[in-house]
>>> print(open('protein.cif').read())   # mmCIF, C-alpha atoms
data_my_file
loop_
_atom_site.label_atom_id
_atom_site.label_comp_id
_atom_site.auth_asym_id
_atom_site.auth_seq_id
_atom_site.Cartn_x
_atom_site.Cartn_y
_atom_site.Cartn_z
CA MET M 788 0.00 0.00 0.00
CA SER M 789 1.13 3.52 -0.65
CA ARG M 790 -0.03 6.84 0.63
CA LYS M 791 -1.22 9.62 -1.64
CA ARG M 792 -1.93 13.20 -0.77
CA THR M 793 -5.24 14.61 -1.83
CA PRO M 794 -5.68 18.21 -2.92
CA ASP M 795 -6.79 19.19 0.57
CA GLN M 796 -3.47 17.73 1.98
CA LYS M 797 -5.15 14.76 3.68
CA THR M 798 -3.39 11.39 3.48
CA THR M 799 -5.33 8.44 2.16
CA GLU M 800 -4.23 4.85 1.68
CA THR M 801 -4.53 3.24 -1.74
CA SER M 802 -3.69 -0.18 -3.02
CA THR M 803 -1.25 -0.54 -5.92
CA THR M 804 -1.98 -4.19 -6.61
CA PRO M 805 -4.29 -4.88 -9.56
CA THR M 806 -7.69 -6.27 -8.68
CA THR M 807 -8.67 -8.00 -11.92
CA ALA M 808 -7.00 -10.31 -14.39
CA GLN M 809 -7.19 -7.59 -16.99
CA ASP M 810 -5.23 -5.24 -14.73
CA THR M 811 -2.52 -7.91 -14.24
CA SER M 812 -1.73 -8.06 -17.94
CA THR M 813 -1.28 -4.32 -18.15
CA ALA M 814 0.69 -4.04 -14.91
CA ILE M 815 3.74 -5.78 -16.45
CA ALA M 816 4.74 -3.89 -19.53
CA GLU M 817 7.14 -5.08 -22.20
CA PRO M 818 10.34 -3.05 -22.46
CA PRO M 819 10.42 -0.66 -25.40
CA PRO M 820 12.12 -1.98 -28.55
CA ALA M 821 15.82 -1.29 -28.80
CA ALA M 822 16.88 1.77 -30.75
CA ASN M 823 19.39 -0.30 -32.71
CA ASP M 824 17.96 -3.48 -34.18
CA ASN M 825 21.47 -4.89 -34.76
CA LEU M 826 22.02 -5.36 -31.04
CA PRO M 827 21.05 -8.76 -29.65
CA ALA M 828 18.25 -9.00 -27.15
CA ALA M 829 19.21 -9.53 -23.53
CA ASN M 830 18.36 -13.23 -23.61
CA ASP M 831 19.70 -14.24 -27.05
CA ASN M 832 22.17 -17.06 -26.29
CA GLN M 833 23.55 -15.14 -23.32
CA PRO M 834 24.19 -17.02 -20.08
CA SER M 835 22.21 -15.77 -17.14
CA PHE M 836 23.85 -14.20 -14.14
CA ALA M 837 23.33 -17.42 -12.20
CA GLU M 838 25.19 -19.35 -14.89
CA ARG M 839 28.06 -16.84 -14.91
CA VAL M 840 28.56 -16.77 -11.14
CA GLY M 841 30.96 -19.71 -11.21
CA GLN M 842 32.93 -18.38 -14.18
CA ARG M 843 36.14 -16.50 -13.60
CA ILE M 844 36.28 -13.10 -15.25
CA ARG M 845 39.68 -12.35 -16.72
CA VAL M 846 40.90 -8.86 -17.45
CA SER M 847 43.97 -8.69 -19.61
CA ALA M 848 46.45 -5.96 -20.39
CA ALA M 849 47.03 -4.62 -23.85
CA ASP M 850 48.42 -7.26 -26.15
CA PRO M 851 51.21 -7.14 -27.25
CA TYR M 852 52.75 -5.11 -24.47
CA VAL M 853 56.19 -3.54 -24.32
CA ILE M 854 58.62 -5.08 -21.86
CA ALA M 855 61.63 -2.93 -22.74
CA ALA M 856 62.34 -0.12 -25.16
CA ASP M 857 65.38 1.91 -26.15
CA ALA M 858 64.21 5.05 -27.96
CA VAL M 859 67.75 6.09 -28.90
CA LEU M 860 68.44 2.83 -30.72
CA GLY M 861 64.89 2.24 -31.93
CA VAL M 862 64.64 -1.27 -30.46
CA ARG M 863 61.67 -2.68 -28.54
CA LEU M 864 61.00 -5.98 -26.78
CA TYR M 865 57.36 -7.12 -26.75
CA GLU M 866 55.42 -10.05 -25.38
CA SER M 867 52.18 -11.19 -26.99
CA ARG M 868 50.22 -13.64 -24.89
CA GLN M 869 47.57 -13.95 -27.58
CA ASP M 870 50.14 -15.03 -30.18
CA ARG M 871 52.27 -16.81 -27.55
CA GLN M 872 55.48 -15.17 -28.63
CA MET M 873 58.18 -12.72 -27.68
CA ALA M 874 59.04 -10.13 -30.30
CA ILE M 875 61.87 -7.69 -30.97
CA LYS M 876 61.20 -4.82 -33.33
CA PHE M 877 63.83 -2.57 -34.91
CA GLU M 878 62.97 0.84 -36.38
CA GLU M 879 65.81 0.47 -38.88
CA LYS M 880 67.36 -2.66 -40.33
CA PRO M 881 70.16 -3.84 -38.03
CA SER M 882 73.63 -4.88 -39.19
CA ARG M 883 74.53 -8.41 -40.31
CA PRO M 884 76.20 -9.36 -36.95
CA VAL M 885 73.03 -8.33 -35.07
CA LEU M 886 70.86 -10.37 -37.44
CA ASP M 887 73.18 -13.37 -37.05
CA THR M 888 72.93 -13.07 -33.26
CA MET M 889 69.14 -13.04 -33.52
CA ARG M 890 69.10 -16.18 -35.72
CA ASP M 891 71.60 -17.99 -33.50
CA ALA M 892 69.40 -17.31 -30.47
CA GLY M 893 66.41 -18.95 -32.21
CA TRP M 894 64.51 -15.84 -33.36
CA VAL M 895 62.57 -15.95 -36.64
CA TRP M 896 61.84 -13.01 -38.96
CA ARG M 897 58.10 -12.47 -39.54
CA GLN M 898 57.78 -10.35 -42.66
CA ALA M 899 54.04 -9.65 -42.25
CA ASP M 900 54.55 -8.05 -38.82
CA LYS M 901 58.10 -6.80 -39.45
CA ILE M 902 59.31 -8.29 -36.17
CA TRP M 903 61.72 -10.92 -34.94
CA ALA M 904 59.65 -13.49 -33.03
CA HIS M 905 60.39 -16.34 -30.63
CA ALA M 906 57.59 -18.75 -29.70
CA ILE M 907 56.64 -19.27 -26.06
CA THR M 908 55.58 -22.77 -25.04
CA PRO M 909 54.00 -23.56 -21.66
CA GLU M 910 56.94 -25.78 -20.73
CA SER M 911 59.55 -23.10 -21.44
CA ALA M 912 57.68 -19.85 -20.83
CA VAL M 913 59.88 -18.51 -18.03
CA THR M 914 63.18 -19.45 -19.63
CA THR M 915 62.06 -18.05 -22.99
CA ARG M 916 61.21 -14.70 -21.38
CA ILE M 917 64.58 -14.58 -19.60
CA LYS M 918 66.48 -15.49 -22.77
CA ALA M 919 64.49 -12.91 -24.74
CA GLU M 920 65.51 -10.14 -22.31
CA ARG M 921 69.14 -11.27 -22.47
CA THR M 922 69.07 -11.30 -26.27
CA TYR M 923 67.49 -7.84 -26.26
CA GLN M 924 70.26 -6.50 -23.96
CA GLU M 925 72.98 -8.15 -26.07
CA VAL M 926 71.57 -6.73 -29.30
CA CYS M 927 71.29 -3.24 -27.79
CA LYS M 928 74.93 -3.40 -26.64
CA MET M 929 76.02 -4.48 -30.12
CA ILE M 930 74.14 -1.62 -31.78
CA ARG M 931 75.53 0.88 -29.25
CA ARG M 932 79.09 -0.27 -30.05
CA GLU M 933 78.37 0.01 -33.78
CA ILE M 934 77.03 3.56 -33.64
CA GLY M 935 79.37 4.69 -30.86
CA ALA M 936 76.62 5.58 -28.38
CA GLY M 937 77.56 6.23 -24.74
CA GLN M 938 75.77 5.05 -21.62
CA GLU M 939 72.99 2.53 -21.85
CA VAL M 940 69.52 3.98 -21.34
CA PRO M 941 67.62 2.12 -18.58
CA PHE M 942 64.24 0.73 -19.52
#
>>> encode(input="protein.cif", output="C-alpha cells")
Amino acid sequence: MSRKRTPDQKTTETSTTPTTAQDTSTAIAEPPPAANDNLPAANDNQPSFAERVGQRIRVSAADPYVIAADAVLGVRLYESRQDRQMAIKFEEKPSRPVLDTMRDAGWVWRQADKIWAHAITPESAVTTRIKAERTYQEVCKMIRREIGAGQEVPF
C-alpha cells in the first residue's frame, strides 16, 4: 500500500496491486524496442547471471605489451600472450652481426609483422622470457658499439 496526498493535503491509503486479471496483464509492460535493431536482445544465447557466477572473469592488459624499449636505438622488446610469442622490433634494419645473433638465439623473422619473433611454449615460458631479455640486452649493446653511443639507457 502507498499513501497519496489529496488536494486538501489529507493522506489516504490506496492499493497498488491490480484487482482484476485484466489489470494484471497491463501491470507488467514489455520493455520498449531497442533503438538499434542490430544489437542482440538480452536473452539471445547469453548465459544468465546465475550461470556466470561460477565463471572467472579475466581482465587482460594490452596485447602485445612492451617489456623494454630503447628510444635512442629504436629497439623494442614485446610479449604477446595472444600469439604466444616474444618479439623484438627494430625501427631500422640492423647490421649483419646483429641479425646473425638473432638467428643464432632462435629468433625468426616475420615479414608480415616486421618483427623478430620467438615462440613461447607452456613448458619453457619462463626461460624463454629470460632469454628474450638477455638477447634484447645483447643486441642493444652491439648496436651501441656500432654507432658509438655512450651510456645505456635504462628501460
>>> atom_distance(input="protein.cif", atom1="atom CA of M:Ala855", atom2="atom CA of M:Glu878")
14.2 Å
>>> closest_residue(input="protein.cif", among="M:Thr888, M:Lys876, M:Ala906, M:Asp900", to="M:Ala858", atoms="all atoms listed in the file")
M:Lys876
>>> resolve_selection(input="protein.cif", expression="the PyMOL selection byres ((chain M and resi 862) around 10)", output="VMD selection string")
chain M and resid 855 to 861 863 to 864 875 to 879 881 923 926 to 927 930
>>> atom_distance(input="protein.cif", atom1="atom CA of M:Tyr865", atom2="atom CA of M:Pro851")
6.2 Å
>>> atom_distance(input="protein.cif", atom1="atom CA of M:Val913", atom2="atom CA of M:Lys880")
28.4 Å
>>> resolve_selection(input="protein.cif", expression="the PyMOL selection byres ((chain M and resi 872) around 9)", output="PyMOL selection string")
chain M and resi 865-871+873-874+904-908
>>> decode(input="protein.cif", residues="stretch 848-894 of chain M", atoms="N, CA and C atoms", output="tab-separated table (two decimals), in the first residue's frame")
chain	number	residue	atom	x	y	z
M	848	ALA	N	45.80	-7.19	-19.98
M	848	ALA	CA	46.45	-5.96	-20.39
M	848	ALA	C	46.48	-5.89	-21.91
M	849	ALA	N	46.92	-4.77	-22.41
M	849	ALA	CA	47.03	-4.62	-23.85
M	849	ALA	C	47.96	-5.68	-24.40
M	850	ASP	N	47.64	-6.18	-25.55
M	850	ASP	CA	48.42	-7.26	-26.15
M	850	ASP	C	48.78	-6.87	-27.57
M	851	PRO	N	50.00	-6.86	-28.01
M	851	PRO	CA	51.21	-7.14	-27.25
M	851	PRO	C	51.59	-5.94	-26.39
M	852	TYR	N	52.33	-6.21	-25.33
M	852	TYR	CA	52.75	-5.11	-24.47
M	852	TYR	C	54.27	-5.03	-24.46
M	853	VAL	N	54.76	-3.81	-24.28
M	853	VAL	CA	56.19	-3.54	-24.32
M	853	VAL	C	56.81	-3.92	-22.99
M	854	ILE	N	57.88	-4.71	-23.06
M	854	ILE	CA	58.62	-5.08	-21.86
M	854	ILE	C	59.79	-4.12	-21.68
M	855	ALA	N	60.49	-3.84	-22.78
M	855	ALA	CA	61.63	-2.93	-22.74
M	855	ALA	C	61.71	-2.17	-24.05
M	856	ALA	N	62.21	-0.94	-23.97
M	856	ALA	CA	62.34	-0.12	-25.16
M	856	ALA	C	63.53	0.80	-25.03
M	857	ASP	N	64.26	0.97	-26.10
M	857	ASP	CA	65.38	1.91	-26.15
M	857	ASP	C	65.08	2.87	-27.29
M	858	ALA	N	64.61	4.07	-26.95
M	858	ALA	CA	64.21	5.05	-27.96
M	858	ALA	C	65.39	5.54	-28.79
M	859	VAL	N	66.56	5.62	-28.19
M	859	VAL	CA	67.75	6.09	-28.90
M	859	VAL	C	68.12	5.13	-30.02
M	860	LEU	N	68.06	3.85	-29.73
M	860	LEU	CA	68.44	2.83	-30.72
M	860	LEU	C	67.27	2.42	-31.60
M	861	GLY	N	66.06	2.66	-31.16
M	861	GLY	CA	64.89	2.24	-31.93
M	861	GLY	C	64.64	0.75	-31.86
M	862	VAL	N	64.83	0.17	-30.66
M	862	VAL	CA	64.64	-1.27	-30.46
M	862	VAL	C	63.62	-1.46	-29.34
M	863	ARG	N	62.69	-2.39	-29.55
M	863	ARG	CA	61.67	-2.68	-28.54
M	863	ARG	C	61.51	-4.18	-28.36
M	864	LEU	N	61.28	-4.58	-27.12
M	864	LEU	CA	61.00	-5.98	-26.78
M	864	LEU	C	59.55	-6.07	-26.35
M	865	TYR	N	58.78	-6.93	-27.02
M	865	TYR	CA	57.36	-7.12	-26.75
M	865	TYR	C	57.09	-8.54	-26.30
M	866	GLU	N	55.96	-8.71	-25.62
M	866	GLU	CA	55.42	-10.05	-25.38
M	866	GLU	C	53.96	-10.04	-25.80
M	867	SER	N	53.57	-11.04	-26.58
M	867	SER	CA	52.18	-11.19	-26.99
M	867	SER	C	51.67	-12.51	-26.43
M	868	ARG	N	50.78	-12.42	-25.47
M	868	ARG	CA	50.22	-13.64	-24.89
M	868	ARG	C	49.20	-14.26	-25.83
M	869	GLN	N	48.54	-13.44	-26.62
M	869	GLN	CA	47.57	-13.95	-27.58
M	869	GLN	C	48.26	-14.79	-28.65
M	870	ASP	N	49.40	-14.29	-29.16
M	870	ASP	CA	50.14	-15.03	-30.18
M	870	ASP	C	51.16	-15.99	-29.58
M	871	ARG	N	51.31	-15.96	-28.26
M	871	ARG	CA	52.27	-16.81	-27.55
M	871	ARG	C	53.67	-16.67	-28.11
M	872	GLN	N	54.14	-15.41	-28.12
M	872	GLN	CA	55.48	-15.17	-28.63
M	872	GLN	C	56.09	-13.93	-28.01
M	873	MET	N	57.41	-13.91	-28.01
M	873	MET	CA	58.18	-12.72	-27.68
M	873	MET	C	58.55	-12.11	-29.02
M	874	ALA	N	58.71	-10.79	-29.05
M	874	ALA	CA	59.04	-10.13	-30.30
M	874	ALA	C	60.01	-8.99	-30.05
M	875	ILE	N	60.95	-8.83	-30.97
M	875	ILE	CA	61.87	-7.69	-30.97
M	875	ILE	C	61.65	-6.96	-32.28
M	876	LYS	N	61.46	-5.64	-32.15
M	876	LYS	CA	61.20	-4.82	-33.33
M	876	LYS	C	62.27	-3.74	-33.43
M	877	PHE	N	62.83	-3.60	-34.63
M	877	PHE	CA	63.83	-2.57	-34.91
M	877	PHE	C	63.20	-1.51	-35.80
M	878	GLU	N	63.48	-0.22	-35.51
M	878	GLU	CA	62.97	0.84	-36.38
M	878	GLU	C	63.71	0.85	-37.71
M	879	GLU	N	64.99	0.56	-37.67
M	879	GLU	CA	65.81	0.47	-38.88
M	879	GLU	C	66.43	-0.92	-38.95
M	880	LYS	N	66.77	-1.33	-40.17
M	880	LYS	CA	67.36	-2.66	-40.33
M	880	LYS	C	68.71	-2.72	-39.63
M	881	PRO	N	68.89	-3.71	-38.75
M	881	PRO	CA	70.16	-3.84	-38.03
M	881	PRO	C	71.26	-4.42	-38.93
M	882	SER	N	72.47	-4.37	-38.43
M	882	SER	CA	73.63	-4.88	-39.19
M	882	SER	C	73.61	-6.41	-39.26
M	883	ARG	N	74.44	-6.96	-40.12
M	883	ARG	CA	74.53	-8.41	-40.31
M	883	ARG	C	74.91	-9.13	-39.00
M	884	PRO	N	75.89	-8.65	-38.21
M	884	PRO	CA	76.20	-9.36	-36.95
M	884	PRO	C	75.01	-9.41	-35.98
M	885	VAL	N	74.21	-8.34	-35.94
M	885	VAL	CA	73.03	-8.33	-35.07
M	885	VAL	C	72.02	-9.36	-35.56
M	886	LEU	N	71.80	-9.40	-36.88
M	886	LEU	CA	70.86	-10.37	-37.44
M	886	LEU	C	71.33	-11.80	-37.19
M	887	ASP	N	72.64	-12.04	-37.32
M	887	ASP	CA	73.18	-13.37	-37.05
M	887	ASP	C	72.98	-13.77	-35.58
M	888	THR	N	73.15	-12.80	-34.69
M	888	THR	CA	72.93	-13.07	-33.26
M	888	THR	C	71.47	-13.45	-33.01
M	889	MET	N	70.56	-12.74	-33.67
M	889	MET	CA	69.14	-13.04	-33.52
M	889	MET	C	68.83	-14.47	-34.01
M	890	ARG	N	69.35	-14.82	-35.18
M	890	ARG	CA	69.10	-16.18	-35.72
M	890	ARG	C	69.71	-17.25	-34.83
M	891	ASP	N	70.93	-17.00	-34.35
M	891	ASP	CA	71.60	-17.99	-33.50
M	891	ASP	C	70.85	-18.21	-32.18
M	892	ALA	N	70.15	-17.19	-31.72
M	892	ALA	CA	69.40	-17.31	-30.47
M	892	ALA	C	68.02	-17.94	-30.68
M	893	GLY	N	67.67	-18.27	-31.94
M	893	GLY	CA	66.41	-18.95	-32.21
M	893	GLY	C	65.26	-18.04	-32.62
M	894	TRP	N	65.54	-16.79	-32.94
M	894	TRP	CA	64.51	-15.84	-33.36
M	894	TRP	C	64.24	-16.00	-34.85
